[in-house]
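Everything below belongs to coords_22.cif, which stores mmCIF, C-alpha atoms.
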data_upload
#
loop_
_atom_site.label_atom_id
_atom_site.label_comp_id
_atom_site.auth_asym_id
_atom_site.auth_seq_id
_atom_site.Cartn_x
_atom_site.Cartn_y
_atom_site.Cartn_z
CA MET A 20 -17.64 63.19 -194.13
CA ARG A 21 -14.64 64.01 -191.97
CA LEU A 22 -13.49 67.51 -191.12
CA ARG A 23 -9.85 68.18 -190.38
CA TYR A 24 -9.19 70.96 -187.91
CA ASN A 25 -6.32 72.36 -185.89
CA LEU A 26 -6.96 72.81 -182.17
CA GLN A 27 -4.29 75.52 -182.04
CA LEU A 28 -6.67 77.81 -183.90
CA PHE A 29 -8.76 77.96 -180.73
CA ALA A 30 -5.79 78.73 -178.49
CA LYS A 31 -5.24 82.22 -177.18
CA GLU A 32 -2.08 84.25 -177.58
CA GLY A 33 -0.58 82.16 -180.36
CA PRO A 34 0.30 78.51 -180.90
CA GLY A 35 1.50 77.96 -177.35
CA GLY A 36 -1.91 78.63 -175.83
CA GLU A 37 -2.95 81.30 -173.38
CA LYS A 38 -0.20 83.14 -171.50
CA THR A 39 -0.96 82.14 -167.95
CA GLU A 40 2.51 81.42 -166.54
CA PRO A 41 4.61 84.12 -164.84
CA ALA A 42 7.76 85.10 -166.67
CA THR A 43 10.90 83.17 -165.83
CA GLN A 44 14.03 84.94 -164.68
CA LYS A 45 15.70 84.15 -168.00
CA LYS A 46 12.96 85.87 -169.97
CA LEU A 47 13.10 88.90 -167.66
CA ASP A 48 16.88 89.06 -168.08
CA ASP A 49 16.60 88.79 -171.88
CA ALA A 50 13.92 91.50 -171.93
CA ARG A 51 16.13 93.77 -169.84
CA LYS A 52 19.02 93.27 -172.27
CA GLU A 53 16.68 94.44 -175.03
CA GLY A 54 15.77 97.52 -172.99
CA GLN A 55 12.28 96.30 -172.07
CA VAL A 56 11.64 97.34 -168.47
CA ALA A 57 8.68 98.50 -166.41
CA LYS A 58 9.14 102.21 -165.91
CA SER A 59 7.10 105.38 -166.22
CA ARG A 60 8.48 108.49 -167.89
CA GLU A 61 5.99 110.55 -165.92
CA VAL A 62 7.89 109.85 -162.69
CA ALA A 63 10.99 111.66 -163.92
CA ASN A 64 8.84 114.44 -165.41
CA GLY A 65 6.90 114.98 -162.18
CA VAL A 66 9.89 114.84 -159.85
CA GLY A 67 11.93 117.02 -162.21
CA LEU A 68 9.22 119.68 -162.43
CA LEU A 69 8.73 119.73 -158.67
CA ALA A 70 12.47 120.06 -158.03
CA LEU A 71 12.76 122.79 -160.68
CA PHE A 72 10.00 124.95 -159.23
CA LEU A 73 11.18 124.42 -155.66
CA LEU A 74 14.65 125.55 -156.74
CA LEU A 75 13.23 128.59 -158.49
CA LYS A 76 11.07 129.36 -155.47
CA PHE A 77 14.14 129.99 -153.34
CA TRP A 78 16.53 131.13 -156.07
CA VAL A 79 14.45 133.33 -158.33
CA GLY A 80 15.71 136.52 -156.67
CA THR A 81 19.33 135.47 -157.04
CA MET A 82 18.77 134.53 -160.69
CA ALA A 83 17.17 137.91 -161.36
CA ASN A 84 20.18 139.73 -159.93
CA GLN A 85 22.53 137.54 -161.94
CA PHE A 86 20.69 138.22 -165.21
CA LEU A 87 20.68 141.92 -164.45
CA ASP A 88 24.43 141.76 -163.93
CA VAL A 89 24.80 140.04 -167.30
CA PHE A 90 22.69 142.73 -168.93
CA HIS A 91 24.82 145.46 -167.39
CA MET A 92 27.99 143.66 -168.49
CA VAL A 93 26.82 143.51 -172.11
CA TYR A 94 25.48 147.06 -172.10
CA GLU A 95 28.70 148.45 -170.66
CA ALA A 96 30.82 146.50 -173.16
CA ILE A 97 29.08 147.89 -176.24
CA PRO A 98 30.56 151.46 -176.16
CA GLU A 99 34.04 150.02 -175.83
CA THR A 100 33.73 148.22 -179.14
CA VAL A 101 32.21 150.98 -181.25
CA THR A 102 34.64 153.52 -182.73
CA PHE A 103 31.98 155.89 -184.07
CA TRP A 104 28.30 156.25 -183.33
CA TYR A 105 27.37 154.77 -186.68
CA GLY A 106 30.45 152.58 -186.99
CA ASP A 107 30.59 148.76 -187.14
CA ILE A 108 31.60 146.53 -184.22
CA PRO A 109 34.71 144.48 -185.04
CA ALA A 110 34.02 140.76 -185.38
CA VAL A 111 36.73 139.85 -182.86
CA ASP A 112 35.13 142.02 -180.19
CA VAL A 113 31.68 140.65 -180.94
CA TRP A 114 32.92 137.07 -180.62
CA ARG A 115 34.71 137.90 -177.35
CA LEU A 116 31.55 139.51 -175.97
CA PHE A 117 29.41 136.57 -177.08
CA ARG A 118 31.69 134.10 -175.31
CA ARG A 119 31.51 136.10 -172.08
CA LEU A 120 27.73 136.27 -172.38
CA LEU A 121 27.42 132.53 -173.06
CA LEU A 122 29.69 131.67 -170.12
CA GLN A 123 27.69 133.83 -167.71
CA ILE A 124 24.37 132.33 -168.85
CA LEU A 125 25.75 128.80 -168.47
CA LEU A 126 26.88 129.62 -164.94
CA ILE A 127 23.36 130.78 -164.10
CA VAL A 128 21.40 128.02 -165.85
CA GLY A 129 23.97 125.24 -165.34
CA PRO A 130 22.81 124.19 -161.85
CA ILE A 131 19.26 123.79 -163.14
CA LEU A 132 20.40 121.64 -166.07
CA ILE A 133 22.60 119.50 -163.83
CA LEU A 134 19.74 119.07 -161.33
CA GLY A 135 17.38 117.99 -164.10
CA PHE A 136 19.86 115.42 -165.40
CA LEU A 137 20.52 114.00 -161.93
CA ILE A 138 16.82 113.73 -161.13
CA ALA A 139 16.03 111.96 -164.42
CA PHE A 140 18.94 109.57 -163.87
CA LEU A 141 17.98 108.81 -160.26
CA CYS A 142 14.31 108.29 -161.13
CA ASP A 143 15.19 105.70 -163.78
CA LEU A 144 17.73 104.12 -161.43
CA VAL A 145 15.16 103.75 -158.65
CA GLN A 146 12.58 102.28 -161.04
CA VAL A 147 14.68 99.74 -162.94
CA GLY A 148 18.11 99.60 -161.27
CA TRP A 149 21.52 99.95 -162.89
CA LYS A 150 22.12 97.76 -165.91
CA PRO A 151 22.76 99.87 -169.03
CA THR A 152 22.30 98.42 -172.52
CA ALA A 153 22.74 99.79 -176.02
CA LYS A 154 20.26 97.39 -177.66
CA PRO A 155 17.39 99.94 -177.91
CA LEU A 156 19.70 102.27 -179.87
CA GLN A 157 20.48 99.65 -182.52
CA PRO A 158 18.55 100.12 -185.80
CA LYS A 159 15.84 97.55 -186.53
CA LEU A 160 14.17 97.01 -189.90
CA SER A 161 10.87 96.21 -188.14
CA LYS A 162 10.65 99.86 -187.05
CA PHE A 163 10.39 100.86 -190.72
CA ASN A 164 7.53 98.45 -191.36
CA PRO A 165 4.37 100.55 -191.96
CA ILE A 166 2.12 97.75 -190.70
CA ASN A 167 3.95 97.61 -187.38
CA GLY A 168 3.80 101.40 -187.26
CA PHE A 169 0.00 101.38 -187.60
CA LYS A 170 -0.20 98.70 -184.92
CA ARG A 171 1.81 100.90 -182.55
CA ILE A 172 -0.38 103.92 -183.32
CA PHE A 173 -3.62 102.10 -182.55
CA SER A 174 -2.28 99.91 -179.74
CA MET A 175 -3.50 99.90 -176.14
CA ASN A 176 -0.27 101.62 -175.10
CA SER A 177 -0.95 104.51 -177.51
CA LEU A 178 -4.48 104.84 -176.16
CA MET A 179 -3.11 104.96 -172.63
CA GLU A 180 -0.61 107.66 -173.62
CA LEU A 181 -3.43 109.64 -175.24
CA ALA A 182 -5.56 109.30 -172.10
CA LYS A 183 -2.63 110.51 -169.96
CA SER A 184 -2.07 113.52 -172.19
CA ILE A 185 -5.75 114.49 -172.12
CA ALA A 186 -5.88 114.04 -168.35
CA LYS A 187 -2.79 116.20 -167.88
CA ILE A 188 -4.13 118.95 -170.13
CA LEU A 189 -7.51 119.02 -168.38
CA LEU A 190 -6.08 118.92 -164.86
CA ILE A 191 -3.35 121.47 -165.56
CA SER A 192 -5.86 123.80 -167.23
CA TYR A 193 -8.19 123.53 -164.24
CA ILE A 194 -5.37 124.09 -161.72
CA THR A 195 -4.04 127.07 -163.69
CA TYR A 196 -7.49 128.67 -163.99
CA SER A 197 -8.28 128.08 -160.30
CA PHE A 198 -4.94 129.52 -159.18
CA LEU A 199 -4.93 132.62 -161.41
CA LYS A 200 -8.59 133.40 -160.82
CA GLY A 201 -8.86 136.52 -158.71
CA LYS A 202 -5.23 137.60 -159.25
CA GLU A 203 -5.93 139.98 -162.14
CA ASN A 204 -5.56 143.10 -160.02
CA MET A 205 -2.27 141.88 -158.55
CA LEU A 206 -0.84 141.36 -162.02
CA ILE A 207 -2.02 144.81 -163.11
CA ASP A 208 -0.20 146.36 -160.14
CA ILE A 209 3.08 145.17 -161.64
CA TYR A 210 3.20 148.36 -163.72
CA ASP A 211 3.54 150.40 -160.51
CA MET A 212 6.37 148.25 -159.09
CA SER A 213 10.10 148.40 -159.51
CA LEU A 214 11.81 145.85 -161.73
CA MET A 215 13.04 143.65 -158.87
CA GLN A 216 9.65 143.75 -157.13
CA ALA A 217 7.90 142.76 -160.36
CA ILE A 218 10.36 139.92 -160.97
CA LYS A 219 9.90 138.56 -157.45
CA LEU A 220 6.12 138.79 -157.72
CA LEU A 221 6.01 137.02 -161.06
CA GLY A 222 8.52 134.49 -159.80
CA ASN A 223 6.36 133.65 -156.79
CA VAL A 224 3.25 133.33 -158.94
CA VAL A 225 4.98 131.10 -161.49
CA THR A 226 6.68 128.87 -158.91
CA ASP A 227 3.53 128.47 -156.77
CA LEU A 228 1.57 127.51 -159.86
CA GLY A 229 4.39 125.22 -161.03
CA ILE A 230 4.49 123.40 -157.69
CA ARG A 231 0.76 122.71 -157.91
CA ILE A 232 1.10 121.46 -161.47
CA SER A 233 4.05 119.28 -160.45
CA ILE A 234 1.96 117.62 -157.74
CA ILE A 235 -0.73 116.82 -160.33
CA VAL A 236 1.91 115.36 -162.66
CA LEU A 237 3.25 113.26 -159.76
CA LEU A 238 -0.22 111.86 -159.07
CA ILE A 239 -0.56 110.93 -162.74
CA ALA A 240 2.95 109.44 -162.61
CA ALA A 241 1.99 107.22 -159.65
CA VAL A 242 -1.01 105.85 -161.57
CA ASP A 243 1.09 105.41 -164.71
CA PHE A 244 3.85 103.63 -162.78
CA ILE A 245 1.36 101.08 -161.41
CA TYR A 246 -0.12 100.64 -164.91
CA GLN A 247 3.34 100.11 -166.45
CA LYS A 248 4.21 97.50 -163.79
CA VAL A 249 0.98 95.58 -164.37
CA LYS A 250 1.28 95.88 -168.16
CA PHE A 251 4.90 94.70 -168.15
CA THR A 252 4.02 91.72 -165.93
CA ASN A 253 1.19 90.72 -168.25
CA ASP A 254 3.29 91.23 -171.39
CA MET A 255 6.06 89.05 -169.98
CA LYS A 256 3.74 86.15 -169.14
CA MET A 257 4.48 82.91 -170.94
CA THR A 258 2.52 79.95 -172.19
CA LYS A 259 3.12 76.51 -170.73
CA GLN A 260 4.78 75.51 -174.01
CA GLU A 261 7.15 78.49 -173.86
CA VAL A 262 8.17 77.53 -170.33
CA LYS A 263 8.86 73.97 -171.48
CA ASP A 264 10.83 75.13 -174.52
CA GLU A 265 12.91 77.51 -172.41
CA TYR A 266 13.64 74.76 -169.92
CA LYS A 267 14.79 72.51 -172.75
CA GLN A 268 17.06 75.23 -174.12
CA SER A 269 18.61 76.11 -170.77
CA GLU A 270 18.66 72.75 -169.02
CA GLY A 271 18.53 70.40 -171.98
CA ASP A 272 15.78 68.06 -173.16
CA PRO A 273 14.84 65.77 -170.23
CA GLN A 274 14.49 62.81 -172.60
CA ILE A 275 17.94 63.39 -174.08
CA LYS A 276 19.43 63.89 -170.62
CA GLY A 277 17.75 60.67 -169.49
CA LYS A 278 19.21 58.76 -172.42
CA ILE A 279 22.67 60.20 -171.75
CA ARG A 280 22.37 59.24 -168.07
CA GLN A 281 21.23 55.76 -169.05
CA ARG A 282 24.19 55.29 -171.42
CA MET A 283 26.61 56.52 -168.76
CA GLN A 284 25.14 54.05 -166.28
CA GLU A 285 25.43 51.24 -168.83
CA ALA A 286 29.06 52.14 -169.54
CA SER A 287 29.81 52.26 -165.81
CA ARG A 288 28.08 48.91 -165.35
CA ARG A 289 30.14 47.33 -168.14
CA ARG A 290 33.37 48.58 -166.56
CA MET A 291 32.17 47.26 -163.21
CA MET A 292 31.47 43.83 -164.67
CA GLN A 293 34.87 43.78 -166.36
CA GLU A 294 36.56 44.36 -162.99
CA LEU A 295 34.41 41.77 -161.21
CA PRO A 296 36.62 38.72 -162.01
CA LYS A 297 39.47 40.38 -160.08
CA ALA A 298 37.42 40.35 -156.84
CA ASP A 299 38.40 38.22 -153.84
CA VAL A 300 34.87 37.67 -152.62
CA VAL A 301 31.24 38.59 -153.31
CA ILE A 302 29.22 39.28 -150.17
CA THR A 303 25.47 38.69 -150.64
CA ASN A 304 22.16 39.27 -148.84
CA PRO A 305 21.68 36.51 -150.37
CA THR A 306 18.98 37.47 -152.94
CA HIS A 307 18.66 41.24 -152.88
CA TYR A 308 22.22 42.61 -152.64
CA ALA A 309 25.66 41.62 -153.86
CA VAL A 310 28.93 43.47 -153.23
CA ALA A 311 32.30 42.43 -154.72
CA ILE A 312 35.40 43.11 -152.57
CA LYS A 313 39.04 43.21 -153.59
CA TYR A 314 41.99 43.61 -151.21
CA ASP A 315 45.44 44.40 -152.55
CA PRO A 316 47.84 45.97 -150.02
CA GLU A 317 50.01 47.28 -152.86
CA VAL A 318 47.11 49.26 -154.33
CA ALA A 319 45.24 50.46 -151.24
CA GLU A 320 45.49 50.08 -147.50
CA ALA A 321 41.83 49.03 -147.23
CA PRO A 322 39.66 46.65 -149.27
CA LEU A 323 37.95 48.22 -152.29
CA VAL A 324 34.42 47.72 -153.61
CA LEU A 325 34.76 46.61 -157.24
CA ALA A 326 31.06 46.11 -157.96
CA LYS A 327 27.70 46.19 -156.28
CA GLY A 328 24.10 45.70 -157.30
CA ALA A 329 20.57 44.92 -156.20
CA ASP A 330 18.02 42.36 -157.40
CA TYR A 331 18.68 41.61 -161.09
CA LEU A 332 22.13 43.19 -161.04
CA ALA A 333 22.97 41.27 -157.86
CA ALA A 334 22.05 38.05 -159.59
CA LYS A 335 24.20 39.01 -162.57
CA ILE A 336 27.17 39.73 -160.25
CA LYS A 337 26.82 36.33 -158.60
CA GLU A 338 26.57 34.64 -161.99
CA ILE A 339 29.79 36.24 -163.23
CA ALA A 340 31.44 35.45 -159.90
CA ARG A 341 30.60 31.72 -160.27
CA ASP A 342 31.87 31.74 -163.85
CA ASN A 343 35.20 33.18 -162.68
CA GLN A 344 35.56 31.03 -159.51
CA VAL A 345 35.11 34.06 -157.18
CA GLU A 346 33.95 33.01 -153.72
CA ILE A 347 30.41 34.01 -152.72
CA VAL A 348 29.78 34.52 -148.99
CA GLU A 349 26.37 35.21 -147.46
CA ASN A 350 26.37 37.95 -144.83
CA LYS A 351 23.08 39.86 -144.80
CA PRO A 352 23.90 42.82 -142.50
CA LEU A 353 27.35 43.36 -144.01
CA ALA A 354 26.01 43.22 -147.58
CA ARG A 355 23.33 45.81 -146.76
CA MET A 356 25.82 48.10 -145.02
CA LEU A 357 28.32 47.93 -147.88
CA TYR A 358 25.66 48.47 -150.55
CA ALA A 359 24.16 51.49 -148.75
CA ASN A 360 27.34 53.26 -147.66
CA VAL A 361 30.16 52.47 -150.12
CA ASP A 362 30.23 53.41 -153.81
CA VAL A 363 32.00 51.45 -156.50
CA GLY A 364 35.73 52.19 -156.45
CA GLN A 365 35.73 53.42 -152.85
CA ALA A 366 37.50 51.84 -149.90
CA VAL A 367 35.66 50.11 -147.10
CA PRO A 368 35.17 52.49 -144.13
CA GLN A 369 36.96 51.82 -140.88
CA GLU A 370 33.71 50.86 -139.14
CA LEU A 371 33.45 47.80 -141.39
CA TYR A 372 37.12 46.76 -141.37
CA GLN A 373 36.59 44.03 -138.80
CA ALA A 374 33.58 42.46 -140.52
CA VAL A 375 35.19 42.56 -143.99
CA ALA A 376 38.49 41.21 -142.59
CA GLU A 377 36.69 38.21 -141.11
CA VAL A 378 35.06 37.44 -144.47
CA LEU A 379 38.36 37.81 -146.33
CA ALA A 380 40.13 35.60 -143.76
CA PHE A 381 37.46 32.96 -144.25
CA VAL A 382 37.88 33.11 -148.04
CA TYR A 383 41.66 33.03 -147.90
CA GLN A 384 41.46 29.98 -145.60
CA LEU A 385 39.20 28.21 -148.11
CA GLN A 386 41.63 29.01 -150.89
CA GLY A 387 44.59 27.93 -148.81
CA ARG A 388 46.21 31.32 -148.95
CA ILE A 389 46.64 31.46 -145.12
#

With the file now loaded, output its structure as C-alpha cells.
Amino acid sequence: MRLRYNLQLFAKEGPGGEKTEPATQKKLDDARKEGQVAKSREVANGVGLLALFLLLKFWVGTMANQFLDVFHMVYEAIPETVTFWYGDIPAVDVWRLFRRLLLQILLIVGPILILGFLIAFLCDLVQVGWKPTAKPLQPKLSKFNPINGFKRIFSMNSLMELAKSIAKILLISYITYSFLKGKENMLIDIYDMSLMQAIKLLGNVVTDLGIRISIIVLLIAAVDFIYQKVKFTNDMKMTKQEVKDEYKQSEGDPQIKGKIRQRMQEASRRRMMQELPKADVVITNPTHYAVAIKYDPEVAEAPLVLAKGADYLAAKIKEIARDNQVEIVENKPLARMLYANVDVGQAVPQELYQAVAEVLAFVYQLQGRI
C-alpha cells in the first residue's frame, strides 16, 4: 500500500516554508506604501501628555486670568442685551456674544491644540520618517469580514494592547493614590483660599500628578516601541521561496535571462561568421585562439577585428577562413593580445599597430598586393 502525502503540509508559515529570511527592501517599500510601519502610538501619547502638563505647569496662572477675563466679558455683556428684567435676549445679540466667547476660548486653548498636533506629527516623523500614503484610508472588503474581525480581536496584537491598557491603569492608579495620599487637608483648605489661590493650588497638584503619569506612559511607550519594532521585523520576514519569487519578478527568471543571453550570443556569433569572409587575415595561437582582422582605410584608420574565438570557435573561424581563401597566420603572442584586449567590431589599439601591420604586410606580399 502506498500513501500519497504533501510535504508542504509540514512546512511552517504557509506553502513557502518557515519565514527565516529578513525582509527585502522591496517588501519593506511595498509595506510602507500600504501604511504598514513599525511605530508605537504610546510614544506620541506619552510625549504629548508630558508637554501638555509642562505647559500647564508654567501657564496655569495665565490661563486662569484669561478665563476670568472671558467670564467678566460675558457677564458684563448680558445687561446690554436685555431690555427688561424678564425680557428675551435678541438672537442677533446672542449670536454676536457667542462668537466673541468662542474666539476668546480658541485664543486660550489654541496653543495647546497646536502643540499637541505638532508633537504627534513629530513623534510619527521621528519613528517612521516622511512618506505619506492614503492606502490605509481606502475601504477594503476584508475589513467587513466577520472571520477576520474575530481573528483581529483574539490576535497576539490585541492581547498586547490589552496588557498595555491593564498596565497603564494599574500604574496610573498606583501613582495617583501615592501622590494624593496625605494631601486631604491641603485640598480641604481650598475653601479658605481666594479664587486665584485655589486655582493655582489645584493647577500645581494636577500638573505635578500629570507629569508623573506622563513619565509612566513614556516608560510604557519605550517598551511598546521596542515590541513594535521586533514584531514588525518578524512579520516582514520572508520564506526562501518568497525571496526567489520576488527576485524573479524584479530581476526576471534567471533561466529565461540565460536563454535570452544565449540567443543574443548566437545571433552575434552568426553575424560575426557572416563578416568573416571579408577579413584580410586570421591570426592564430595556433590551436586556442583565432582573431580575424580587416583593414580598409576608407572605413577606418586602423584595422578592425571582425571575429574572434577560442577553442571550438577558433577552429570554426579557421575552417570558414580556409573555405573563403582567407590567409591564416600563426602569431601566438599577438593572437592572445588581440583576443584579450579587443572586442569584435573595435579597432586595433595603437600599441599593436606595428605587430598587426607586419602581419598584414606579409599577407599582402603573399597575395601580390604590394

**OP:** One decimal, Å: what's the distance from CA of Pro322 in chain A over to CA of Ala286 in chain A, could you say?
**Re:**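 Between CA of Pro322 in chain A and CA of Ala286 in chain A the gap is 23.5 Å.
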
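Taking CA of Ile127 in chain A and CA of Leu74 in chain A as the two end points, the separation is 12.5 Å.
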
Subject >> Neighbour list for Ala321 in chain A as a ChimeraX atom specification, cut-off 7 Å, all atoms listed in the file, skip fewer than 6 positions in-chain >> reply: /A:314,366-367

**OP:** Pick out the closest residue to Gln123 in chain A from this set: A:Met92, A:Leu199, A:Val225, A:Leu353. Count only C-alpha atoms.
**Re:**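 Counting only C-alpha atoms, the residue closest to Gln123 in chain A is A:Met92.
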
Mind telling me what the PyMOL selection byres ((chain A and resi 239-244) around 6) catches here, as an mmCIF file with C-alpha atoms, in the coordinates of the input?
data_model
loop_
_atom_site.group_PDB
_atom_site.id
_atom_site.type_symbol
_atom_site.label_atom_id
_atom_site.label_comp_id
_atom_site.auth_asym_id
_atom_site.auth_seq_id
_atom_site.Cartn_x
_atom_site.Cartn_y
_atom_site.Cartn_z
ATOM 1 C CA SER A 59 7.100 105.380 -166.220
ATOM 2 C CA GLU A 61 5.990 110.550 -165.920
ATOM 3 C CA VAL A 62 7.890 109.850 -162.690
ATOM 4 C CA VAL A 236 1.910 115.360 -162.660
ATOM 5 C CA LEU A 237 3.250 113.260 -159.760
ATOM 6 C CA LEU A 238 -0.220 111.860 -159.070
ATOM 7 C CA ILE A 245 1.360 101.080 -161.410
ATOM 8 C CA TYR A 246 -0.120 100.640 -164.910
ATOM 9 C CA GLN A 247 3.340 100.110 -166.450
#
